[in-house]
$ cat coords-v6.csv   # CSV, C-alpha atoms
chain,number,residue,atom,x,y,z
A,29,MET,CA,-4.9,16.6,2.8
A,30,PRO,CA,-5.8,14.4,5.8
A,31,ILE,CA,-3.5,14.2,8.8
A,32,ILE,CA,-3.9,10.8,10.4
A,33,SER,CA,-2.5,9.7,13.8
A,34,ALA,CA,-2.0,6.2,15.1
A,35,THR,CA,-2.5,6.5,18.9
A,36,ALA,CA,-2.5,3.9,21.6
A,37,LEU,CA,-1.5,3.8,25.3
A,38,LYS,CA,0.0,0.4,25.1
A,39,GLY,CA,3.2,-0.5,23.2
A,40,GLY,CA,3.4,-3.5,21.0
A,41,VAL,CA,0.0,-3.1,19.4
A,42,GLY,CA,1.2,-2.3,15.9
A,43,LYS,CA,1.2,1.5,15.6
A,44,THR,CA,4.6,1.7,13.8
A,45,THR,CA,3.8,-1.3,11.6
A,46,LEU,CA,0.5,0.3,10.7
A,47,ILE,CA,2.1,3.6,9.7
A,48,HIS,CA,4.9,2.0,7.7
A,49,HIS,CA,2.9,-0.4,5.6
A,50,THR,CA,-0.1,2.0,5.2
A,51,ALA,CA,2.3,4.5,3.8
A,52,GLY,CA,3.5,1.9,1.3
A,53,ALA,CA,-0.1,1.2,0.2
A,54,LEU,CA,-0.9,4.9,-0.2
A,55,ALA,CA,2.3,5.4,-2.2
A,56,LEU,CA,1.4,2.6,-4.5
A,57,ALA,CA,-2.0,4.3,-5.0
A,58,GLY,CA,-0.2,7.4,-6.2
A,59,LYS,CA,-0.5,9.4,-3.0
A,60,ARG,CA,2.3,11.6,-1.8
A,61,VAL,CA,2.8,10.7,1.8
A,62,LEU,CA,4.7,12.3,4.7
A,63,CYS,CA,5.4,10.1,7.7
A,64,ILE,CA,6.2,11.7,11.0
A,65,ASP,CA,8.0,9.6,13.6
A,66,ASN,CA,6.7,11.3,16.7
A,67,ASP,CA,8.1,8.7,19.1
A,68,PRO,CA,11.5,9.3,20.8
A,69,GLN,CA,12.2,5.6,20.4
A,70,ALA,CA,12.3,6.3,16.6
A,71,SER,CA,11.2,2.8,15.7
A,72,LEU,CA,9.6,3.9,12.5
A,73,SER,CA,12.8,5.7,11.4
A,74,SER,CA,14.9,2.7,12.3
A,75,GLY,CA,12.5,0.5,10.2
A,76,ILE,CA,12.9,2.8,7.2
A,77,PHE,CA,16.6,3.9,7.4
A,78,GLY,CA,18.1,1.4,9.8
A,79,PRO,CA,19.2,1.9,13.4
A,80,SER,CA,22.7,3.0,12.7
A,81,ALA,CA,21.6,5.7,10.3
A,82,VAL,CA,19.1,7.0,12.8
A,83,GLU,CA,21.7,7.2,15.6
A,84,GLN,CA,23.9,9.3,13.3
A,85,MET,CA,21.2,11.9,12.6
A,86,GLU,CA,21.6,15.3,14.1
A,87,PRO,CA,18.6,16.1,16.3
A,88,SER,CA,18.2,19.4,14.5
A,89,SER,CA,17.3,17.4,11.4
A,90,THR,CA,14.6,15.3,13.2
A,91,VAL,CA,11.3,15.9,14.9
A,92,ALA,CA,13.3,17.1,17.9
A,93,ALA,CA,13.8,20.3,16.0
A,94,LEU,CA,10.1,21.0,16.0
A,95,TYR,CA,9.8,20.5,19.8
A,96,ALA,CA,12.9,22.5,20.5
A,97,GLY,CA,11.4,25.5,18.8
A,98,LEU,CA,14.1,25.8,16.2
A,99,ASP,CA,11.5,26.6,13.5
A,100,PRO,CA,13.4,24.6,10.9
A,101,LEU,CA,12.7,24.9,7.2
A,102,PRO,CA,10.9,21.9,5.8
A,103,GLU,CA,13.9,20.8,3.8
A,104,GLN,CA,15.9,20.7,7.0
A,105,VAL,CA,13.8,18.0,8.6
A,106,ILE,CA,11.9,16.2,5.8
A,107,ARG,CA,14.0,13.5,4.1
A,108,ALA,CA,13.3,11.0,1.3
A,109,SER,CA,12.6,7.5,2.5
A,110,GLY,CA,14.1,5.7,-0.5
A,111,ILE,CA,10.6,4.6,-1.5
A,112,ALA,CA,8.9,6.7,-4.2
A,113,ASN,CA,6.2,9.0,-2.8
A,114,ILE,CA,7.1,8.6,0.8
A,115,ASP,CA,9.0,11.3,2.8
A,116,VAL,CA,9.8,11.1,6.5
A,117,ILE,CA,10.4,13.4,9.5
A,118,ALA,CA,12.6,11.1,11.6
A,119,GLY,CA,12.3,10.5,15.3
A,120,SER,CA,15.1,11.1,17.8
A,121,MET,CA,15.8,10.3,21.4
A,122,ALA,CA,16.6,14.0,21.7
A,123,ALA,CA,12.8,14.6,21.6
A,124,ALA,CA,12.2,12.6,24.8
A,125,ARG,CA,12.9,15.6,27.1
A,126,PHE,CA,9.9,17.4,25.5
A,127,ASN,CA,7.5,14.5,26.0
A,128,LEU,CA,6.3,15.8,29.3
A,129,PRO,CA,4.1,13.5,31.4
A,130,GLU,CA,1.5,16.2,32.0
A,131,PRO,CA,0.6,17.3,28.4
A,132,PHE,CA,-1.8,20.1,29.6
A,133,ALA,CA,1.1,21.7,31.5
A,134,ALA,CA,3.5,21.6,28.6
A,135,PRO,CA,4.3,25.0,27.0
A,136,VAL,CA,1.9,25.9,24.3
A,137,GLU,CA,4.7,25.9,21.8
A,138,ILE,CA,5.2,22.2,22.5
A,139,GLN,CA,1.5,21.4,22.3
A,140,THR,CA,1.1,23.1,18.9
A,141,CYS,CA,4.5,22.6,17.2
A,142,LEU,CA,3.3,19.8,14.9
A,143,ARG,CA,0.2,21.7,13.9
A,144,SER,CA,2.2,24.8,13.2
A,145,PHE,CA,4.8,23.0,11.1
A,146,LEU,CA,2.2,20.9,9.1
A,147,ALA,CA,0.3,24.1,8.3
A,148,GLU,CA,3.4,25.0,6.2
A,149,VAL,CA,3.8,21.8,4.3
A,150,ARG,CA,0.4,20.0,4.2
A,151,ASP,CA,-0.3,21.3,0.6
A,152,GLN,CA,2.8,19.3,-0.6
A,153,TYR,CA,1.3,16.0,0.4
A,154,ASP,CA,-1.9,14.0,-0.1
A,155,VAL,CA,-1.7,12.3,3.3
A,156,VAL,CA,0.3,12.8,6.5
A,157,LEU,CA,0.7,9.8,8.9
A,158,ILE,CA,1.9,10.3,12.5
A,159,ASP,CA,3.4,7.5,14.6
A,160,ASN,CA,3.1,8.2,18.3
A,161,PRO,CA,4.7,7.0,21.5
A,162,PRO,CA,3.0,4.3,23.6
A,163,ASN,CA,1.8,6.8,26.1
A,164,LEU,CA,-0.5,9.8,26.3
A,165,GLN,CA,2.0,12.4,27.2
A,166,ALA,CA,2.9,15.7,25.5
A,167,ALA,CA,4.1,14.2,22.1
A,168,SER,CA,0.8,12.2,21.6
A,169,TRP,CA,-1.2,15.3,22.8
A,170,ALA,CA,0.6,17.4,20.2
A,171,ALA,CA,-0.3,14.9,17.5
A,172,LEU,CA,-3.9,14.9,18.6
A,173,ILE,CA,-4.0,18.7,18.3
A,174,ALA,CA,-2.4,18.5,14.8
A,175,SER,CA,-4.5,15.6,13.4
A,176,ASP,CA,-7.7,15.6,11.4
A,177,TYR,CA,-8.3,11.9,12.0
A,178,LEU,CA,-7.2,9.2,14.5
A,179,VAL,CA,-6.9,5.4,14.2
A,180,VAL,CA,-6.5,3.4,17.4
A,181,PRO,CA,-4.8,0.0,16.9
A,182,CYS,CA,-5.6,-2.7,19.4
A,183,VAL,CA,-4.8,-6.4,19.7
A,184,PRO,CA,-8.0,-8.4,20.4
A,185,GLU,CA,-7.0,-9.7,23.8
A,186,ASP,CA,-6.9,-8.6,27.5
A,187,TYR,CA,-3.6,-6.7,27.5
A,188,GLY,CA,-4.1,-5.3,24.0
A,189,SER,CA,-7.6,-3.9,24.7
A,190,MET,CA,-7.6,-2.7,28.3
A,191,SER,CA,-5.9,0.6,27.4
A,192,LEU,CA,-8.7,1.8,25.2
A,193,SER,CA,-10.5,3.9,27.8
A,194,PRO,CA,-7.7,6.3,28.5
A,195,VAL,CA,-7.1,6.9,24.7
A,196,LEU,CA,-10.8,7.6,24.2
A,197,GLU,CA,-10.8,10.0,27.1
A,198,SER,CA,-7.8,11.8,25.6
A,199,ILE,CA,-9.7,12.1,22.3
A,200,ARG,CA,-12.7,13.5,24.2
A,201,LEU,CA,-10.5,16.1,25.9
A,202,VAL,CA,-8.8,17.3,22.7
A,203,THR,CA,-12.2,17.6,20.9
A,204,ALA,CA,-13.5,19.6,23.9
A,205,GLY,CA,-10.5,21.9,23.8
A,206,PRO,CA,-7.8,22.6,21.2
A,207,ASN,CA,-9.0,20.5,18.3
A,208,PRO,CA,-12.8,20.1,18.1
A,209,SER,CA,-12.7,18.9,14.5
A,210,VAL,CA,-10.6,15.8,15.0
A,211,VAL,CA,-12.4,12.6,14.3
A,212,LEU,CA,-11.8,9.0,15.4
A,213,LEU,CA,-12.0,6.9,12.3
A,214,GLY,CA,-12.1,3.7,14.3
A,215,LEU,CA,-10.4,1.0,16.3
A,216,LEU,CA,-8.2,-1.2,14.1
A,217,LEU,CA,-7.6,-4.8,15.1
A,218,THR,CA,-3.9,-5.7,14.7
A,219,MET,CA,-1.7,-8.8,15.1
A,220,VAL,CA,-4.8,-10.9,14.7
A,221,GLN,CA,-4.5,-14.7,14.7
A,222,PRO,CA,-7.8,-16.1,13.5
A,223,ARG,CA,-6.9,-19.6,14.9
A,224,LEU,CA,-6.8,-18.2,18.4
A,225,GLY,CA,-10.2,-18.5,20.0
A,226,VAL,CA,-9.4,-15.6,22.4
A,227,HIS,CA,-8.8,-13.3,19.5
A,228,MET,CA,-12.1,-14.2,17.8
A,229,ALA,CA,-13.9,-13.8,21.1
A,230,TYR,CA,-12.4,-10.4,21.8
A,231,GLU,CA,-13.1,-9.3,18.3
A,232,ARG,CA,-16.8,-10.2,18.8
A,233,VAL,CA,-16.9,-8.2,22.0
A,234,LEU,CA,-15.3,-5.1,20.5
A,235,ARG,CA,-17.6,-5.2,17.5
A,236,ASP,CA,-20.6,-5.7,19.8
A,237,VAL,CA,-19.6,-2.7,21.9
A,238,HIS,CA,-18.3,-0.3,19.2
A,239,GLY,CA,-20.1,-1.5,16.1
A,240,ASN,CA,-19.0,0.4,13.0
A,241,GLY,CA,-16.4,2.0,15.2
A,242,VAL,CA,-14.2,-1.0,14.5
A,243,PHE,CA,-12.6,-1.3,11.0
A,244,GLU,CA,-13.7,-4.2,8.9
A,245,THR,CA,-10.1,-4.7,7.8
A,246,ARG,CA,-8.0,-6.6,10.2
A,247,ILE,CA,-4.2,-6.6,10.3
A,248,PRO,CA,-2.9,-10.2,10.7
A,249,LEU,CA,0.2,-11.4,12.6
A,250,ALA,CA,2.1,-12.4,9.6
A,251,ALA,CA,5.8,-13.2,9.0
A,252,ASP,CA,6.1,-11.2,5.8
A,253,ILE,CA,5.0,-8.0,7.6
A,254,LYS,CA,8.0,-8.4,9.9
A,255,GLU,CA,10.3,-9.5,7.1
A,256,ALA,CA,9.5,-6.4,5.1
A,257,ILE,CA,10.8,-4.2,8.0
A,258,SER,CA,14.1,-6.1,8.1
A,259,GLN,CA,14.4,-5.2,4.4
A,260,ARG,CA,13.6,-1.6,5.1
A,261,ARG,CA,10.5,-1.7,2.9
A,262,PRO,CA,6.8,-1.6,3.3
A,263,VAL,CA,5.2,-5.0,2.8
A,264,THR,CA,3.4,-3.6,-0.2
A,265,HIS,CA,6.8,-3.2,-1.9
A,266,TYR,CA,8.5,-6.3,-0.4
A,267,LYS,CA,5.7,-8.7,-1.5
A,268,PRO,CA,3.4,-6.6,-3.7
A,269,LYS,CA,1.1,-9.6,-4.6
A,270,GLY,CA,1.2,-11.2,-1.1
A,271,ALA,CA,-1.8,-11.5,1.2
A,272,SER,CA,-0.4,-9.0,3.7
A,273,SER,CA,0.0,-6.4,0.9
A,274,LYS,CA,-3.6,-6.9,-0.1
A,275,VAL,CA,-4.7,-6.3,3.5
A,276,PHE,CA,-3.0,-2.9,3.7
A,277,LYS,CA,-4.4,-2.0,0.3
A,278,ALA,CA,-7.8,-2.9,1.6
A,279,LEU,CA,-7.1,-0.8,4.8
A,280,VAL,CA,-6.3,2.2,2.7
A,281,ASP,CA,-9.5,1.8,0.7
A,282,GLU,CA,-11.4,1.7,4.0
A,283,LEU,CA,-9.5,4.6,5.5
A,284,LEU,CA,-10.3,6.8,2.5
A,285,SER,CA,-13.9,5.7,2.4
A,286,ARG,CA,-14.4,6.5,6.1
A,287,ILE,CA,-12.8,9.9,5.5
A,288,ASP,CA,-15.1,10.5,2.6
A,289,VAL,CA,-18.1,9.7,4.8
A,290,VAL,CA,-17.0,12.2,7.4
A,291,GLU,CA,-16.3,15.0,4.9
A,292,ALA,CA,-19.7,14.4,3.2
A,293,GLY,CA,-21.4,14.7,6.6
A,294,ARG,CA,-19.5,18.0,7.2
A,295,GLN,CA,-20.5,19.4,3.9
A,296,LYS,CA,-24.1,18.5,4.4
A,297,LYS,CA,-24.1,20.1,7.9
A,298,GLU,CA,-22.5,23.3,6.5
A,299,ALA,CA,-25.1,23.4,3.7
A,300,ALA,CA,-28.1,23.0,6.1
$ encode --input "coords-v6.csv" --output "structure tokens"
Amino acid sequence: MPIISATALKGGVGKTTLIHHTAGALALAGKRVLCIDNDPQASLSSGIFGPSAVEQMEPSSTVAALYAGLDPLPEQVIRASGIANIDVIAGSMAAARFNLPEPFAAPVEIQTCLRSFLAEVRDQYDVVLIDNPPNLQAASWAALIASDYLVVPCVPEDYGSMSLSPVLESIRLVTAGPNPSVVLLGLLLTMVQPRLGVHMAYERVLRDVHGNGVFETRIPLAADIKEAISQRRPVTHYKPKGASSKVFKALVDELLSRIDVVEAGRQKKEAA
């Protein structure tokens, strides 16, 4: 069961959108999915349950319980999303106090709480998706330690792309330390507007620099993607036959294909 994190230093690049709709596409493919809202802003949880419902959740029933060292039972923090095959660990503002700015200085219990919890439940799911804060503090670091694979969303323009270097450096640090097996699956272009020349120009630059490190699938800036969130549904369930739904289904195919390539390489290396 792969654990996949969406990580980026900048906000507004589509991490939460990516997790929500990718979960929908995976669920339609028959995969049992656990989404973890690892961002104290709890945007993913609000998109799934609604802001009022999230505000009323006890912190002890959210991801905050993991960071607080409460050692909750899975059933205390995992809740059904209302969409078949998708469960959620909700986010909470109560987790903000654990998102320390110096992740290496955070207590080891904070750094490893996600990994420890997921070791208990990963056999119950086919895929775990983690949505992270728009920073590289303790919560994102804990997700890097817990994850098997990473996806870095970026908008193909100046402000969307300039934060890539710190993210790549964090990945280098985690692979050099507490999680040497984590793999960057690639950079994912999000909020793409093909009619914007600047988007096409930056896409060419990113592909020239990173080659196959950039996903072939691109996530467009599309109205139905936002409309689906207002209906508390993944776009794959809101408009199953729409163009955006097809994009996320294609992304899932590419994600799983890239994972297969990585795993085949590992098996070949182990057999050598």
$ closest_atom_pairs --input "coords-v6.csv" --of "segment 73-166 of chain A" --to "segment 201-211 of chain A" --cutoff "12 Å" --atoms "only C-alpha atoms" --output "Markdown table"
| residue | atom | partner | partner_atom | distance |
| --- | --- | --- | --- | --- |
| A:Pro131 | CA | A:Val202 | CA | 11.0 |
| A:Phe132 | CA | A:Val202 | CA | 10.2 |
| A:Val136 | CA | A:Pro206 | CA | 10.7 |
| A:Gln139 | CA | A:Pro206 | CA | 9.4 |
| A:Thr140 | CA | A:Pro206 | CA | 9.2 |
| A:Arg143 | CA | A:Asn207 | CA | 10.3 |
| A:Leu164 | CA | A:Val202 | CA | 11.8 |
$ residues_around --input "coords-v6.csv" --residues "segment 79-84 of chain A" --least-positions-apart "5" --cutoff "10 Å" --atoms "all atoms listed in the file" --output "PyMOL selection string"
chain A and resi 70-74+90+118-121
$ closest_residue --input "coords-v6.csv" --among "A:Pro181, A:Gly214, A:Gln221, A:Glu86" --to "His238 of chain A" --atoms "only C-alpha atoms"
A:Gly214
$ closest_residue --input "coords-v6.csv" --among "A:Gln69, A:His48, A:Phe145, A:Ile76" --to "Val105 of chain A" --atoms "only C-alpha atoms"
A:Phe145
$ closest_residue --input "coords-v6.csv" --among "A:Val280, A:Val242, A:Met85, A:Val61" --to "Val180 of chain A" --atoms "all atoms listed in the file"
A:Val242
$ residues_near_point --input "coords-v6.csv" --point "(-8.7, -7.3, 20.3)" --cutoff "6 Å" --atoms "only C-alpha atoms" --output "JSON list (two decimals) with C-alpha atoms, in the frame of the given file"
[["chain", "number", "residue", "atom", "x", "y", "z"],
["A", 182, "CYS", "CA", -5.60, -2.70, 19.40],
["A", 183, "VAL", "CA", -4.80, -6.40, 19.70],
["A", 184, "PRO", "CA", -8.00, -8.40, 20.40],
["A", 185, "GLU", "CA", -7.00, -9.70, 23.80],
["A", 189, "SER", "CA", -7.60, -3.90, 24.70],
["A", 217, "LEU", "CA", -7.60, -4.80, 15.10],
["A", 230, "TYR", "CA", -12.40, -10.40, 21.80],
["A", 231, "GLU", "CA", -13.10, -9.30, 18.30]]
$ closest_residue --input "coords-v6.csv" --among "A:Trp169, A:Ala96, A:Ile158, A:Leu54" --to "Glu130 of chain A" --atoms "only C-alpha atoms"
A:Trp169
$ residues_around --input "coords-v6.csv" --residues "segment 37-42 of chain A" --least-positions-apart "2" --cutoff "12 Å" --atoms "only C-alpha atoms" --output "NGL selection string"
:A and (34-35 or 44-50 or 67 or 69 or 71-72 or 159-165 or 168-169 or 179-198 or 215-220 or 246-250 or 253-254)
$ atom_distance --input "coords-v6.csv" --atom1 "atom CA of Pro100 of chain A" --atom2 "atom CA of Asp176 of chain A"
22.9 Å
$ closest_residue --input "coords-v6.csv" --among "A:Leu98, A:Ala251, A:Ala171, A:Ile287" --to "Ala271 of chain A" --atoms "all atoms listed in the file"
A:Ala251
$ closest_residue --input "coords-v6.csv" --among "A:Tyr95, A:Tyr177, A:Phe276, A:Phe243" --to "Ile138 of chain A" --atoms "only C-alpha atoms"
A:Tyr95
$ atom_distance --input "coords-v6.csv" --atom1 "atom CA of Thr264 of chain A" --atom2 "atom CA of Gly52 of chain A"
5.7 Å
$ atom_distance --input "coords-v6.csv" --atom1 "atom CA of Leu142 of chain A" --atom2 "atom CA of Leu213 of chain A"
20.2 Å
$ build_atoms --input "coords-v6.csv" --residues "segment 223-254 of chain A" --atoms "N, CA and C atoms" --output "CSV table (one decimal), keeping the file's coordinate frame"
chain,number,residue,atom,x,y,z
A,223,ARG,N,-6.8,-18.2,14.2
A,223,ARG,CA,-6.9,-19.6,14.9
A,223,ARG,C,-7.0,-19.5,16.4
A,224,LEU,N,-6.7,-18.3,16.9
A,224,LEU,CA,-6.8,-18.2,18.4
A,224,LEU,C,-8.2,-17.9,18.8
A,225,GLY,N,-8.8,-18.7,19.6
A,225,GLY,CA,-10.2,-18.5,20.0
A,225,GLY,C,-10.3,-17.2,20.8
A,226,VAL,N,-9.3,-16.9,21.6
A,226,VAL,CA,-9.4,-15.6,22.4
A,226,VAL,C,-9.4,-14.4,21.5
A,227,HIS,N,-8.7,-14.4,20.4
A,227,HIS,CA,-8.8,-13.3,19.5
A,227,HIS,C,-10.2,-13.1,18.8
A,228,MET,N,-10.7,-14.2,18.5
A,228,MET,CA,-12.1,-14.2,17.8
A,228,MET,C,-13.1,-13.7,18.9
A,229,ALA,N,-12.9,-14.2,20.1
A,229,ALA,CA,-13.9,-13.8,21.1
A,229,ALA,C,-13.8,-12.3,21.4
A,230,TYR,N,-12.6,-11.8,21.6
A,230,TYR,CA,-12.4,-10.4,21.8
A,230,TYR,C,-12.9,-9.5,20.7
A,231,GLU,N,-12.7,-10.0,19.5
A,231,GLU,CA,-13.1,-9.3,18.3
A,231,GLU,C,-14.6,-9.1,18.3
A,232,ARG,N,-15.3,-10.2,18.7
A,232,ARG,CA,-16.8,-10.2,18.8
A,232,ARG,C,-17.2,-9.2,19.8
A,233,VAL,N,-16.5,-9.1,21.0
A,233,VAL,CA,-16.9,-8.2,22.0
A,233,VAL,C,-16.7,-6.8,21.6
A,234,LEU,N,-15.5,-6.5,20.9
A,234,LEU,CA,-15.3,-5.1,20.5
A,234,LEU,C,-16.3,-4.7,19.4
A,235,ARG,N,-16.6,-5.6,18.5
A,235,ARG,CA,-17.6,-5.2,17.5
A,235,ARG,C,-19.0,-5.0,18.1
A,236,ASP,N,-19.3,-5.8,19.1
A,236,ASP,CA,-20.6,-5.7,19.8
A,236,ASP,C,-20.7,-4.3,20.5
A,237,VAL,N,-19.6,-3.9,21.1
A,237,VAL,CA,-19.6,-2.7,21.9
A,237,VAL,C,-19.5,-1.4,21.0
A,238,HIS,N,-18.6,-1.5,20.0
A,238,HIS,CA,-18.3,-0.3,19.2
A,238,HIS,C,-18.9,-0.3,17.8
A,239,GLY,N,-19.5,-1.4,17.4
A,239,GLY,CA,-20.1,-1.5,16.1
A,239,GLY,C,-19.3,-1.1,15.0
A,240,ASN,N,-19.8,-0.1,14.2
A,240,ASN,CA,-19.0,0.4,13.0
A,240,ASN,C,-17.8,1.2,13.4
A,241,GLY,N,-17.6,1.4,14.7
A,241,GLY,CA,-16.4,2.0,15.2
A,241,GLY,C,-15.2,1.2,15.1
A,242,VAL,N,-15.3,-0.1,14.7
A,242,VAL,CA,-14.2,-1.0,14.5
A,242,VAL,C,-14.1,-1.2,13.0
A,243,PHE,N,-12.9,-1.0,12.5
A,243,PHE,CA,-12.6,-1.3,11.0
A,243,PHE,C,-12.9,-2.7,10.6
A,244,GLU,N,-13.5,-2.8,9.5
A,244,GLU,CA,-13.7,-4.2,8.9
A,244,GLU,C,-12.4,-4.9,8.6
A,245,THR,N,-11.4,-4.1,8.1
A,245,THR,CA,-10.1,-4.7,7.8
A,245,THR,C,-9.4,-5.0,9.1
A,246,ARG,N,-8.8,-6.2,9.1
A,246,ARG,CA,-8.0,-6.6,10.2
A,246,ARG,C,-6.5,-6.8,9.8
A,247,ILE,N,-5.6,-6.4,10.6
A,247,ILE,CA,-4.2,-6.6,10.3
A,247,ILE,C,-3.7,-7.9,10.9
A,248,PRO,N,-3.3,-8.9,10.2
A,248,PRO,CA,-2.9,-10.2,10.7
A,248,PRO,C,-1.5,-10.2,11.3
A,249,LEU,N,-1.2,-11.1,12.2
A,249,LEU,CA,0.2,-11.4,12.6
A,249,LEU,C,0.8,-12.3,11.6
A,250,ALA,N,1.6,-11.7,10.7
A,250,ALA,CA,2.1,-12.4,9.6
A,250,ALA,C,3.6,-12.2,9.4
A,251,ALA,N,4.3,-13.3,9.0
A,251,ALA,CA,5.8,-13.2,9.0
A,251,ALA,C,6.3,-12.2,7.9
A,252,ASP,N,5.6,-12.1,6.8
A,252,ASP,CA,6.1,-11.2,5.8
A,252,ASP,C,6.0,-9.7,6.2
A,253,ILE,N,5.1,-9.4,7.1
A,253,ILE,CA,5.0,-8.0,7.6
A,253,ILE,C,6.3,-7.7,8.4
A,254,LYS,N,6.8,-8.6,9.2
A,254,LYS,CA,8.0,-8.4,9.9
A,254,LYS,C,9.2,-8.5,9.0
